[in-house]
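Read through the structure below, which is laid out as structure tokens, and then see the notes.
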Amino acid sequence: MRGLLAVFQKELLIYFRSPIAYFVVAVFLLGTGYFFLYDIFSTGNAIMNETFRNMGILLITLIPLVSMRLFSSEYTGRTMELLTTLPLKSWQVVLGKYFGAVSILLLMTLGTAINLVPMYLYGNPETSTILSGYLGFILLGMACLAIGQFFSSLTQNQIIAALVTVSMLLAFWFIGHLKEFQSSDTLRDLFGYLSFANHFGDFIRGLMRSEGIIYYLIVSAIALTLNAGFLQWRR
Amino acid sequence: MSAAISLEAVSKQYGPKTIVHDLSFQVEKGEIVGFLGPNGAGKTTTMRMIAGVSTATSGRVSVAGYDMANQNEQAAQKIGYLPEHPPLYDTLEIGQYLRFIAKVKGVSSGEIDREIERVCVACRLEDVRRREIYKLSKGYRQRVGLAQALLGKPEVLLLDEPTAGLDPGQIQETREVIRKFGAENAVLLSTHILPEVTMICQRVAIINNGRLLAVDSPANLQRAAEQSNQVALTVRAPAADLEKELRAVNGVLGLIIHPVPSVEGVVSVNCQIEQRDGIEAAIARVVAARWDLYRLERQQPTLENIFLRYVQSAPQKANEK
């Protein structure tokens with residue numbers, strides 16, 4: 001547990017001692033603010049449905065910038081050798097790093113809470129729907145980070161890690177579209193189930209279904225397991 | 001109690017290429033062993049297997065009694081490892097970096113400050129603890145790397161060319177740190193600086209093309225190497241006459257004569273001789289009878305010669321790295 005904690009603290013420290021975390025959070029909050037204003041003024045309703053949807057897409061393009069350095073930089077900095085020789089298990093490294101990145105995600109999420117202030121002051125929003133949207137947003141972000149972290153462990157080039165991650169995330173986001181072309185019900189269900197956007201859509205509408213929660217957690221777990229397995233295999 | 005580091009018939013293959021062949025040797029507690037070999041000999045590969053970065057293809061590596069194949073986590077508690085390039089996080093300050101390492105190595109919270117203080121003093125980093133690592137010179141980076149290895153009081157220290165890139169003063173300090181540590185623990189030190197080995201190592205392992213050529217104390221290696229068949233002398237004499245006289249001495253096989261620069265009329269000579277007792281005396285008699293003899297000695301085999309002899313006599317492989 002101490003090893004995991006030490007890795008976690010180190011990751012956070014590195015995020016905040018380099019400009020990338022600040023930039024990503026700033027760009028995200030700027031974008032979210034814009035979407036929020038636009039949606040509120042265009043509809044005149046105290047709902048965040050469209051805002052959440054746009055936040056999801058913005059998240060998918062920004063998360064790779066958070067996750068790309070997680071392992072790639074350890075390879076180029078030759079510190080991976082250090083991590084393998086220290087008394088650390090692979091899963092401790094993987095989870096320590098993951099929680100560090102998830103902290104950045106939580107920070108991004110927390111920053112958007114400023115939008116709620118005017119909404120609650122001047123409107124009468126549905127709290128449970130907003131909470132559901134936020135839960136979906138965090139779960140989506142966690143799955144994206146896990147996938148990004150796995151791809152970061154496969155290459156020492158951060159740009160490649162980011163590009164592969166963003167393609168993968170976009171694929172997961174839009175895979176639901178394939179559903180429309182299938183005649184077989186099984187395939188339709190499968191593509192629908194795999195879609196990041198479909199599950200996220202449920203959360204936005206206020207449906208906190210265990211199916212959605214489990215889906216995102218399973219995606220994260222698979223990516224992190226592959227991550228730890230790959231590190232083990234590298235030795 | 002088993003040896004601190006023990007290698008038994010260890011081999012390492014990458015694909016079809018064998019980097020390390022059937023390597024066996026031990027490093028005991030309280031011993032500094034020099035690991036010598038030309039570049040690409042397999043030193044770093046061997047170090048990495050002992051440190052647990054990679055696993056041996058066959059054979060057994062154990063550290064502090066733990067088998068690296070399945071108990072590498074317990075072993076990791078006992079190992080301090082400084083790779084060839086110090087593994088540092090450039091954006092962190094030295095203090096933050098060392099704190100991270102100390103925590104991972106399981107130094108208790110109450111002890112951490114004292115432990116960091118200890119290694120910083122040993123590696124002369126007291127005054128720069130707040131400095132960011134990316135601002136450090138090569139020498140300082142090396143010191144931070146060494147400090148990192150010493151954290152958590154390991155029993156085994158693995159140092160891959162620890163003095164490379166340091167200035168003479170820093171080299172001196174680093175050796176002192178290593179010697180002090182090695183008095184009570186085990187150190188395996190890879191290097192190609194030969195005098196370093198004679199100065200601080202009790203034993204030397206020579207490796208080339210992934211094969212172990214010799215393991216012994218520097219003194220024993222020197223003794224075991226056959227007496228050199230070179231006699232060097234410095235004489236004030238005309239080169240042509242001297243050559244004629246020396247060639248007449250029974251047992252002298254060849255000669256190289258060259259003038260000593262900046263001293264008029266003085267030449268230095270290298271005699272290739274047949275192994276024979278008393279040949280120095282014979283040469284001295286001949287020369288001293290006619291000219292001034294300044295110096296005459298049978299050349300001692302230096303570690304350098306021994307090293308080269310081992311390395312060159314080993315079969316060269318075509319597919320060198």
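Numbering starts fresh at 1 for the residues of each chain in the structure tokens, the chains themselves are lettered A, B, ... in the order given, and ligands are numbered from 1 as they appear.
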Close residues, Gln71 (chain B) itself excluded, 12 Å, only C-alpha atoms, min 4 positions apart in chain, as a ChimeraX atom specification: /A:87,89 /B:52,55,60-67,75-78
Kindly export the residues of the current selection with C-alpha atoms, as a tab-separated table (two decimals), in the first residue's frame.
chain	number	residue	atom	x	y	z
A	87	PRO	CA	10.34	-3.16	-4.28
A	89	LYS	CA	4.71	-4.83	-7.81
B	52	GLY	CA	15.92	-7.77	-11.47
B	55	THR	CA	15.27	-12.33	-15.96
B	60	ARG	CA	20.00	-19.04	-11.26
B	61	VAL	CA	20.59	-15.52	-9.95
B	62	SER	CA	20.16	-14.95	-6.26
B	63	VAL	CA	20.65	-11.84	-4.17
B	64	ALA	CA	20.83	-11.86	-0.37
B	65	GLY	CA	19.60	-15.44	-0.49
B	66	TYR	CA	16.52	-14.65	-2.59
B	67	ASP	CA	16.05	-16.23	-5.99
B	75	ALA	CA	15.42	-9.17	-2.96
B	76	ALA	CA	14.55	-5.67	-4.18
B	77	GLN	CA	14.48	-4.52	-0.55
B	78	LYS	CA	18.16	-5.44	-0.28
Please find the residues of chain B near chain A - the criterion being any atom within 10 Å, counting only C-alpha atoms - and write them as number ranges by chain. B: 48-56, 72-93, 96-97, 99-106, 108, 148-149
Check which residues of region 66-157 of chain A sit at most 10 Å from region 42-45 of chain A using only C-alpha atoms, and return one row each with the closest pair of atoms and their distance in Å to one decimal, ordered by chain and rising number, as a Markdown table.
| residue | atom | partner | partner_atom | distance |
| --- | --- | --- | --- | --- |
| A:Met119 | CA | A:Asn45 | CA | 9.3 |
| A:Gly123 | CA | A:Asn45 | CA | 7.9 |
| A:Asn124 | CA | A:Asn45 | CA | 9.0 |
| A:Pro125 | CA | A:Asn45 | CA | 8.4 |
Preceding selection exported with N, CA and C atoms as a PDB file, in the first residue's frame:
ATOM      1  N   MET A 119     -26.758  28.365 -12.271  1.00  0.00           N
ATOM      2  CA  MET A 119     -27.902  27.539 -12.614  1.00  0.00           C
ATOM      3  C   MET A 119     -28.832  27.374 -11.418  1.00  0.00           C
ATOM      4  N   GLY A 123     -32.238  29.279 -11.675  1.00  0.00           N
ATOM      5  CA  GLY A 123     -33.118  28.261 -12.259  1.00  0.00           C
ATOM      6  C   GLY A 123     -33.494  27.236 -11.213  1.00  0.00           C
ATOM      7  N   ASN A 124     -34.111  26.201 -11.684  1.00  0.00           N
ATOM      8  CA  ASN A 124     -34.536  25.150 -10.765  1.00  0.00           C
ATOM      9  C   ASN A 124     -34.178  23.796 -11.365  1.00  0.00           C
ATOM     10  N   PRO A 125     -32.867  23.495 -11.432  1.00  0.00           N
ATOM     11  CA  PRO A 125     -32.448  22.274 -12.122  1.00  0.00           C
ATOM     12  C   PRO A 125     -32.773  21.011 -11.332  1.00  0.00           C
TER      13      PRO A 125
END
For Cys201 (chain B), find every residue with an atom within 7 Å (counting only C-alpha atoms), except residues of its own chain fewer than 6 positions away, and show them as a PyMOL selection string. chain B and resi 32-34
Would you pick out the contacts of region 185-191 of chain A at 12 Å or less, using only C-alpha atoms, so that residues sharing its chain but fewer than 4 positions from it are not included, and give the list as number ranges by chain? A: 171-181, 195-199
Which residue gives the smallest distance to Leu166 (chain B) among B:Arg290, B:Arg141, B:Ser190, B:Val266, with only C-alpha atoms counted?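 Result for the nearest residue to Leu166 (chain B): B:Arg141.
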For Leu154 (chain A), the closest of A:Leu226, A:Ala21, A:Val66, A:Leu58 counting only C-alpha atoms is A:Leu226
Taking into account only C-alpha atoms, which residue in the set A:Thr129, A:Ser90, A:Gln158, A:Gln232 is nearest to Met208 (chain A)? A:Thr129
Ranking B:Leu213, B:Thr57, B:Val231, B:Glu31 by minimum distance to Pro16 (chain B) and counting only C-alpha atoms, which one comes first?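 Of B:Leu213, B:Thr57, B:Val231, B:Glu31, the one nearest Pro16 (chain B) is B:Thr57, counting only C-alpha atoms.
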Env of Val27 (chain B): 8 Å cut, atoms = only C-alpha atoms, seq-sep filter 5 positions within chain, self excluded. Answer as a PyMOL selection string. chain B and resi 3-6+32-33+186-188
Near region 131-141 of chain A, counting only C-alpha atoms, which residues have an atom at most 10 Å away, once you skip same-chain residues fewer than 5 positions from it, shown as a ChimeraX atom specification? /A:48-49,51-53,55-56,59-60,63,101-102,105-106,108-110,112-113,126,146-147,196-197,199-209,212-217,219-220
Write a file of the selected residues as a compact mmCIF listing (two decimals), in the first residue's frame, keeping C-alpha atoms.
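As a result, selection_15.txt now contains:
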# COMPACT_ATOMS: atom_id res chain seq x y z
CA MET A 48 -27.05 20.33 -18.78
CA ASN A 49 -27.79 17.52 -21.24
CA THR A 51 -23.29 20.47 -22.11
CA PHE A 52 -22.51 17.02 -20.78
CA ARG A 53 -22.51 15.55 -24.27
CA MET A 55 -17.95 17.71 -22.31
CA GLY A 56 -17.72 14.02 -23.17
CA LEU A 59 -12.82 14.86 -22.63
CA ILE A 60 -12.01 12.24 -25.25
CA ILE A 63 -7.57 12.74 -21.90
CA ALA A 101 -4.22 10.65 -13.52
CA VAL A 102 -7.73 10.17 -12.12
CA LEU A 105 -9.78 14.10 -14.05
CA LEU A 106 -11.48 14.87 -10.73
CA MET A 108 -11.28 18.94 -14.20
CA THR A 109 -14.71 17.76 -13.07
CA LEU A 110 -14.62 19.86 -9.94
CA THR A 112 -16.91 22.66 -13.99
CA ALA A 113 -18.97 22.90 -10.79
CA GLU A 126 -33.03 18.61 -11.40
CA ALA A 146 -7.13 3.44 -18.32
CA ILE A 147 -7.06 2.93 -22.09
CA PHE A 196 -19.12 4.93 -24.89
CA ALA A 197 -21.66 7.45 -26.15
CA HIS A 199 -23.92 4.55 -21.91
CA PHE A 200 -22.94 8.14 -21.34
CA GLY A 201 -26.24 9.21 -22.94
CA ASP A 202 -28.12 7.18 -20.33
CA PHE A 203 -26.30 8.90 -17.49
CA ILE A 204 -26.95 12.33 -19.01
CA ARG A 205 -30.67 11.59 -19.16
CA GLY A 206 -30.55 10.72 -15.48
CA LEU A 207 -30.46 6.94 -15.84
CA MET A 208 -27.86 5.62 -13.38
CA ARG A 209 -28.05 2.04 -14.56
CA GLY A 212 -23.53 1.49 -17.45
CA ILE A 213 -21.52 1.66 -14.25
CA ILE A 214 -20.31 -1.91 -14.66
CA TYR A 215 -19.50 -1.32 -18.33
CA TYR A 216 -17.11 1.56 -17.65
CA LEU A 217 -15.54 -0.20 -14.67
CA VAL A 219 -13.36 -1.40 -19.55
CA SER A 220 -11.04 0.29 -17.03
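Taking CA of Ile112 (chain B) as the reference point, CA of Val177 (chain B) is found at 20.2 Å.
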Which parts of region 35-82 of chain B does DSSP call strand (DSSP E or B) when run on the backbone here, written out as JSON, numbers by chain? {"B": [35, 36, 58, 59, 60, 61, 62, 63, 66, 67, 79, 80, 81, 82]}
Got time to write the residues from that selection, N, CA and C atoms, as a PDB file, in the first residue's frame?
ATOM      1  N   PHE B  35      33.857  -5.459 -12.015  1.00  0.00           N
ATOM      2  CA  PHE B  35      33.328  -6.220 -13.139  1.00  0.00           C
ATOM      3  C   PHE B  35      33.885  -5.550 -14.386  1.00  0.00           C
ATOM      4  N   LEU B  36      34.865  -6.228 -14.991  1.00  0.00           N
ATOM      5  CA  LEU B  36      35.624  -5.603 -16.067  1.00  0.00           C
ATOM      6  C   LEU B  36      35.290  -6.219 -17.406  1.00  0.00           C
ATOM      7  N   SER B  58      18.421 -18.859 -18.608  1.00  0.00           N
ATOM      8  CA  SER B  58      18.624 -20.084 -17.845  1.00  0.00           C
ATOM      9  C   SER B  58      19.645 -19.805 -16.756  1.00  0.00           C
ATOM     10  N   GLY B  59      19.715 -20.710 -15.791  1.00  0.00           N
ATOM     11  CA  GLY B  59      20.623 -20.504 -14.671  1.00  0.00           C
ATOM     12  C   GLY B  59      19.899 -19.814 -13.535  1.00  0.00           C
ATOM     13  N   ARG B  60      20.640 -19.566 -12.453  1.00  0.00           N
ATOM     14  CA  ARG B  60      20.001 -19.036 -11.262  1.00  0.00           C
ATOM     15  C   ARG B  60      20.757 -17.819 -10.763  1.00  0.00           C
ATOM     16  N   VAL B  61      20.025 -16.730 -10.548  1.00  0.00           N
ATOM     17  CA  VAL B  61      20.591 -15.522  -9.955  1.00  0.00           C
ATOM     18  C   VAL B  61      19.955 -15.363  -8.593  1.00  0.00           C
ATOM     19  N   SER B  62      20.776 -15.246  -7.542  1.00  0.00           N
ATOM     20  CA  SER B  62      20.161 -14.954  -6.257  1.00  0.00           C
ATOM     21  C   SER B  62      20.895 -13.817  -5.576  1.00  0.00           C
ATOM     22  N   VAL B  63      20.122 -13.004  -4.872  1.00  0.00           N
ATOM     23  CA  VAL B  63      20.654 -11.843  -4.174  1.00  0.00           C
ATOM     24  C   VAL B  63      20.184 -11.903  -2.735  1.00  0.00           C
ATOM     25  N   TYR B  66      17.808 -14.555  -1.890  1.00  0.00           N
ATOM     26  CA  TYR B  66      16.522 -14.655  -2.592  1.00  0.00           C
ATOM     27  C   TYR B  66      16.738 -14.946  -4.075  1.00  0.00           C
ATOM     28  N   ASP B  67      15.971 -15.882  -4.578  1.00  0.00           N
ATOM     29  CA  ASP B  67      16.054 -16.231  -5.990  1.00  0.00           C
ATOM     30  C   ASP B  67      15.360 -15.136  -6.808  1.00  0.00           C
ATOM     31  N   ILE B  79      18.545  -4.423  -2.459  1.00  0.00           N
ATOM     32  CA  ILE B  79      19.408  -3.997  -3.554  1.00  0.00           C
ATOM     33  C   ILE B  79      19.401  -2.493  -3.736  1.00  0.00           C
ATOM     34  N   GLY B  80      20.577  -1.923  -3.901  1.00  0.00           N
ATOM     35  CA  GLY B  80      20.692  -0.548  -4.375  1.00  0.00           C
ATOM     36  C   GLY B  80      21.324  -0.606  -5.751  1.00  0.00           C
ATOM     37  N   TYR B  81      20.677   0.006  -6.726  1.00  0.00           N
ATOM     38  CA  TYR B  81      21.134  -0.170  -8.098  1.00  0.00           C
ATOM     39  C   TYR B  81      21.313   1.190  -8.767  1.00  0.00           C
ATOM     40  N   LEU B  82      22.489   1.424  -9.281  1.00  0.00           N
ATOM     41  CA  LEU B  82      22.741   2.631 -10.071  1.00  0.00           C
ATOM     42  C   LEU B  82      23.034   2.212 -11.502  1.00  0.00           C
TER      43      LEU B  82
END
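Interatomic distance, CA of Gly210 (chain B) against CA of Leu194 (chain B): 19.0 Å.
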Correct to one decimal, the distance CA of Ala239 (chain B)-CA of Leu253 (chain B) is 17.0 Å
Which of region 41-123 of chain A DSSP labels helix (DSSP H, G or I), written as a PyMOL selection string: chain A and resi 41-43+49-67+69-76+80-85+90-122
For Leu146 (chain B), work out the shell of residues within 8 Å, counting only C-alpha atoms and skipping chain neighbours fewer than 4 positions away, then give it as an NGL selection string. :B and (82 or 123 or 142 or 150 or 162)
Mind writing the picked residues with C-alpha atoms as a JSON list (two decimals), in the first residue's frame?
[["chain", "number", "residue", "atom", "x", "y", "z"],
["B", 82, "LEU", "CA", 22.74, 2.63, -10.07],
["B", 123, "CYS", "CA", 27.10, 12.05, -1.67],
["B", 142, "GLN", "CA", 25.55, 10.80, -10.99],
["B", 150, "LEU", "CA", 22.22, 4.02, -1.00],
["B", 162, "PRO", "CA", 29.57, 4.92, -11.29]]
